[in-house]
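Q: This is the structure, below, for whatever I ask next.
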Amino acid sequence: ALPNVVILATGGTIAGAGASAVNSATYAAAKVGVEKLIAGLPELGKVANVRGEQVFQVASESLTNDNLLVLAQRVSALAKQPDVDGIVITHGTDTVEETAYFLTLTVHTNKPIVMVASMRPGTALSADGALNLYDAVSVAGSKDAMGKGVLLTMNDSIESGRDVSKNFNIKPSAFVSQWGSLGMVVEGRNYWFRAPVKRHTMNSEFDIDTIKSLPPVEIAMGYEGVASTAIDALGKSGIKALIHGGPGNGSVADRIVPSLQKVRADGIVVIRSSRVPDGFVIRNAEQPDDKYDWVVAHDLRPQKARILAMVALTKTSDTKELQRIFWEY
Ligand SMILES: NC(=O)CC[C@H](N)C(=O)O
């Protein structure tokens, strides 16, 4: 018997439509409903019994914290149903890495949760959404995809939802995980090469079923000539944590260090991350994190560090605990 897979649709280019077949970059995202997506891909019926739910219909850059909670609660509820074997989430590419990490941290299940997106709308030449969606449904219905955390299928690859980021804003090969893909999916068969070692899903201490709201966490970038204007304003805005996306090894311009110290003295958690796509931030290198009571973001880019900070702050604001969490997830 075929597995039962639910497709939760949220919008993005995979539901996009352009004026003509040559419009690969100029088009409207979030136009096509999930029923039409499914009806347009009868091959899905060969790998799973599929049904769809339209959760949102938005471009992913406009998703909110409340949207994350609604989506994760729905995924969690579906994962508890005995008649659901796997869940696929269609999403815009711009922030799919953030939603994927949020679900990785908060949904307690071993069942496959597979994010999918596309770089070209279905109306374009060489549209990538149909194969990406076929791959996602096939992976979500596979027993061997269980217990591997939230996944993303794009461009034949199976990526870890924790590690993956959008690294190119035009090509179908847009998504990269700095520690490598987990595997590939080809003609409905999975080929695995790696497994995640960070805590996720069943093994997470966070659970969407007990999270009712997320605290405000914002990001300030570091760059040549940076002033303290943004940090000073954010420090007065009611945030619970501030992510600093610094250059290099998360370095911080000496002229803004006093502003970050003031933010910390006011009870806001300061988290030092790097704007460099790959690598990781080392504690007490570049800045004396122990002395300033700052947390370092390990290998998480600023936008992923923000997701973990929001989730972690639902449980603790103790900086030693938060640092442990940043090492473990
Ligand atoms: N390729 C895409 O999905 C980008 C479309 C849109 N900006 C979004 O993220 O939803």
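Chains: A, B, ... in order of the structure tokens. Residues: from 1 per chain. Ligands: from 1, in order shown.
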Which residues of chain A sit at most 7 Å from ligand 1, using only C-alpha atoms and all ligand atoms? Give each one's shortest atom pair and distance in Å (one decimal place), in chain and ascending residue order, as a Markdown table.

A:
| residue | atom | partner | partner_atom_place_in_ligand_line | distance |
| --- | --- | --- | --- | --- |
| A:Gly11 | CA | ligand 1 | 10 (O) | 6.2 |
| A:Gly12 | CA | ligand 1 | 10 (O) | 3.3 |
| A:Thr13 | CA | ligand 1 | 3 (O) | 3.8 |
| A:Ile14 | CA | ligand 1 | 3 (O) | 6.2 |
| A:Ala29 | CA | ligand 1 | 5 (C) | 5.4 |
| A:Ala30 | CA | ligand 1 | 10 (O) | 6.9 |
| A:Val58 | CA | ligand 1 | 10 (O) | 6.4 |
| A:Ala59 | CA | ligand 1 | 10 (O) | 3.2 |
| A:Ser60 | CA | ligand 1 | 10 (O) | 3.8 |
| A:Glu61 | CA | ligand 1 | 9 (O) | 5.4 |
| A:His91 | CA | ligand 1 | 10 (O) | 6.4 |
| A:Gly92 | CA | ligand 1 | 10 (O) | 3.1 |
| A:Thr93 | CA | ligand 1 | 3 (O) | 3.8 |
| A:Asp94 | CA | ligand 1 | 9 (O) | 3.7 |
| A:Thr95 | CA | ligand 1 | 9 (O) | 6.0 |
| A:Ala117 | CA | ligand 1 | 3 (O) | 6.0 |
| A:Ser118 | CA | ligand 1 | 1 (N) | 5.4 |
| A:Met119 | CA | ligand 1 | 1 (N) | 4.0 |
| A:Arg120 | CA | ligand 1 | 1 (N) | 6.3 |

Q: When DSSP is applied to the backbone of this structure, which of stretch 20-80 of chain A are assigned alpha helix (DSSP H)? Write them out as JSON, numbers by chain.

A: {"A": [34, 35, 36, 37, 38, 39, 65, 66, 67, 68, 69, 70, 71, 72, 73, 74, 75, 76, 77, 78, 79, 80]}

Q: Write the residues of the selection above to a file with C-alpha atoms, as a PDB file, in the first residue's frame.

A:
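This went into out-v4.pdb:
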ATOM      1  CA  VAL A  34      -2.523  23.413  -3.530  1.00  0.00           C
ATOM      2  CA  GLU A  35      -5.343  21.501  -5.276  1.00  0.00           C
ATOM      3  CA  LYS A  36      -4.124  22.800  -8.627  1.00  0.00           C
ATOM      4  CA  LEU A  37      -0.506  21.929  -7.770  1.00  0.00           C
ATOM      5  CA  ILE A  38      -1.526  18.359  -6.970  1.00  0.00           C
ATOM      6  CA  ALA A  39      -3.832  18.036  -9.988  1.00  0.00           C
ATOM      7  CA  ASN A  65       6.315  34.545  14.005  1.00  0.00           C
ATOM      8  CA  ASP A  66       2.585  33.823  14.355  1.00  0.00           C
ATOM      9  CA  ASN A  67       2.651  32.063  10.962  1.00  0.00           C
ATOM     10  CA  LEU A  68       5.519  29.871  12.234  1.00  0.00           C
ATOM     11  CA  LEU A  69       3.486  28.879  15.283  1.00  0.00           C
ATOM     12  CA  VAL A  70       0.361  28.074  13.227  1.00  0.00           C
ATOM     13  CA  LEU A  71       2.338  25.989  10.741  1.00  0.00           C
ATOM     14  CA  ALA A  72       4.313  24.075  13.377  1.00  0.00           C
ATOM     15  CA  GLN A  73       1.133  23.344  15.368  1.00  0.00           C
ATOM     16  CA  ARG A  74      -0.523  21.957  12.243  1.00  0.00           C
ATOM     17  CA  VAL A  75       2.526  19.823  11.392  1.00  0.00           C
ATOM     18  CA  SER A  76       2.635  18.501  14.962  1.00  0.00           C
ATOM     19  CA  ALA A  77      -1.085  17.637  14.931  1.00  0.00           C
ATOM     20  CA  LEU A  78      -0.816  15.833  11.585  1.00  0.00           C
ATOM     21  CA  ALA A  79       2.293  13.943  12.676  1.00  0.00           C
ATOM     22  CA  LYS A  80       0.289  12.505  15.607  1.00  0.00           C
TER      23      LYS A  80
END

Q: Rounded to one decimal, what separation in Å do you get between atom CA of A:Ala9 and atom CA of A:Thr90?

A: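 Interatomic distance, atom CA of A:Ala9 to atom CA of A:Thr90: 4.8 Å.
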
Q: Which residues are close to A:Gly180, i.e. within 12 Å by only C-alpha atoms, leaving aside same-chain residues fewer than 5 positions away? Reply as a ChimeraX atom specification.

A: /A:157-165,175,192-196,278

Q: Skip stretch 132-136 of chain A itself and residues of its chain fewer than 5 positions away, then list as an MDAnalysis selection string all residues within 8 Å of it, counting only C-alpha atoms.

A: chainID A and resid 41 43:44 88 90 114:118 152:156 185:188

Q: Please write the residues from the selection above to a file, keeping C-alpha atoms, as a short mmCIF file (atom, residue, chain, number, x, y, z; two decimals), in the first residue's frame.

A:
data_model
loop_
_atom_site.label_atom_id
_atom_site.label_comp_id
_atom_site.auth_asym_id
_atom_site.auth_seq_id
_atom_site.Cartn_x
_atom_site.Cartn_y
_atom_site.Cartn_z
CA LEU A 41 1.28 16.41 -11.11
CA GLU A 43 2.78 11.25 -11.05
CA LEU A 44 2.43 11.93 -7.30
CA VAL A 88 5.45 17.98 2.79
CA THR A 90 5.61 23.89 -0.02
CA VAL A 114 10.02 17.60 3.98
CA MET A 115 10.19 21.24 2.92
CA VAL A 116 10.09 21.98 -0.81
CA ALA A 117 10.31 25.08 -2.96
CA SER A 118 11.25 26.13 -6.45
CA LEU A 152 14.49 20.02 2.15
CA THR A 153 14.37 18.53 -1.35
CA MET A 154 15.63 20.84 -4.10
CA ASN A 155 17.55 20.16 -7.29
CA ASP A 156 17.75 16.35 -6.69
CA VAL A 185 16.61 11.47 -4.45
CA VAL A 186 16.53 10.12 -7.99
CA GLU A 187 13.46 8.60 -9.69
CA GLY A 188 11.72 8.01 -6.37
#

Q: Work out how far atom CA of A:Val107 is from atom CA of A:Ile208, in Å to one decimal.

A: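 One can read the atom CA of A:Ile208 to atom CA of A:Val107 distance as 5.9 Å.
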
Q: Distance atom CA of A:Leu308-atom CA of A:Lys320, one decimal place?

A: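 If I compute the distance from atom CA of A:Leu308 to atom CA of A:Lys320, I get 14.8 Å.
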
Q: Can you list, as a VMD selection string, every protein, DNA or RNA residue that comes within 7 Å of A:Val6 when you count only C-alpha atoms, leaving out same-chain residues fewer than 2 positions away?

A: chain A and resid 4 8 50 to 52 86 to 88

Q: I need the residues in stretch 52-194 of chain A that are strand (DSSP E) according to DSSP; give them as a ChimeraX atom specification.

A: /A:52-58,86-90,113-116,151-154,157-160,164-166,175-177,183-186,189-192

Q: Neighbours of A:Met202 within 7 Å (only C-alpha atoms; same-chain residues fewer than 4 positions away dropped), as number ranges by chain?

A: A: 108-110

Q: Could those selected residues go to a file with all heavy atoms, as a PDB file, in the first residue's frame?

A:
ATOM      1  N   HIS A 108       7.865  17.361  17.585  1.00  0.00           N
ATOM      2  CA  HIS A 108       8.284  16.067  18.124  1.00  0.00           C
ATOM      3  C   HIS A 108       7.710  14.928  17.301  1.00  0.00           C
ATOM      4  O   HIS A 108       6.588  14.483  17.535  1.00  0.00           O
ATOM      5  CB  HIS A 108       7.822  15.936  19.588  1.00  0.00           C
ATOM      6  CG  HIS A 108       8.742  16.595  20.532  1.00  0.00           C
ATOM      7  ND1 HIS A 108       9.159  16.027  21.711  1.00  0.00           N
ATOM      8  CD2 HIS A 108       9.385  17.789  20.449  1.00  0.00           C
ATOM      9  CE1 HIS A 108       9.994  16.841  22.328  1.00  0.00           C
ATOM     10  NE2 HIS A 108      10.139  17.922  21.578  1.00  0.00           N
ATOM     11  N   THR A 109       8.470  14.470  16.339  1.00  0.00           N
ATOM     12  CA  THR A 109       8.019  13.328  15.540  1.00  0.00           C
ATOM     13  C   THR A 109       9.219  12.674  14.875  1.00  0.00           C
ATOM     14  O   THR A 109      10.246  13.324  14.652  1.00  0.00           O
ATOM     15  CB  THR A 109       7.012  13.770  14.448  1.00  0.00           C
ATOM     16  OG1 THR A 109       6.534  12.605  13.767  1.00  0.00           O
ATOM     17  CG2 THR A 109       7.637  14.712  13.434  1.00  0.00           C
ATOM     18  N   ASN A 110       9.072  11.394  14.556  1.00  0.00           N
ATOM     19  CA  ASN A 110      10.063  10.692  13.735  1.00  0.00           C
ATOM     20  C   ASN A 110       9.633  10.645  12.277  1.00  0.00           C
ATOM     21  O   ASN A 110      10.393  10.239  11.414  1.00  0.00           O
ATOM     22  CB  ASN A 110      10.235   9.249  14.226  1.00  0.00           C
ATOM     23  CG  ASN A 110      11.330   9.164  15.264  1.00  0.00           C
ATOM     24  OD1 ASN A 110      12.260   9.969  15.264  1.00  0.00           O
ATOM     25  ND2 ASN A 110      11.224   8.187  16.146  1.00  0.00           N
TER      26      ASN A 110
END

Q: Closest to A:Val296 among A:Arg275, A:His200, A:Arg255, A:Arg283, using only C-alpha atoms?

A: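 Looking only at the distances to A:Val296, the closest residue turns out to be A:Arg283.
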
Q: Of the residues A:Pro216, A:Pro258, A:Gly250, A:Gly222, which is the one nearest to A:Gly238, using only C-alpha atoms?

A: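 Between A:Pro216, A:Pro258, A:Gly250, A:Gly222, the residue approaching A:Gly238 most closely is A:Pro216.
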
Q: List the spatial neighbours of A:Ile307 as a VMD selection string - criterion: any atom at most 9 Å away, only C-alpha atoms, same-chain residues fewer than 4 positions off excluded.

A: chain A and resid 98 to 99 101 to 102 217 302 to 303 311 to 312

Q: Would you export the selected residues with N, CA and C atoms as a compact mmCIF listing (two decimals), in the first residue's frame, please?

A:
# COMPACT_ATOMS: atom_id res chain seq x y z
N GLU A 98 14.65 29.21 7.41
CA GLU A 98 14.26 29.61 8.77
C GLU A 98 13.10 28.74 9.27
N THR A 99 12.08 28.57 8.43
CA THR A 99 10.96 27.71 8.82
C THR A 99 11.43 26.27 9.04
N TYR A 101 14.31 25.24 10.06
CA TYR A 101 15.02 25.14 11.35
C TYR A 101 14.04 25.23 12.51
N PHE A 102 13.03 26.10 12.37
CA PHE A 102 12.03 26.22 13.44
C PHE A 102 11.32 24.88 13.66
N VAL A 217 13.11 38.94 18.76
CA VAL A 217 14.57 38.89 18.62
C VAL A 217 14.91 39.56 17.29
N PRO A 302 23.08 34.57 10.95
CA PRO A 302 22.22 35.43 11.79
C PRO A 302 20.74 35.04 11.76
N GLN A 303 20.20 34.74 10.57
CA GLN A 303 18.76 34.44 10.50
C GLN A 303 18.42 33.10 11.15
N VAL A 311 13.31 30.34 20.11
CA VAL A 311 12.82 29.07 20.67
C VAL A 311 13.43 28.85 22.05
N ALA A 312 14.74 29.06 22.17
CA ALA A 312 15.43 28.81 23.45
C ALA A 312 14.90 29.74 24.54
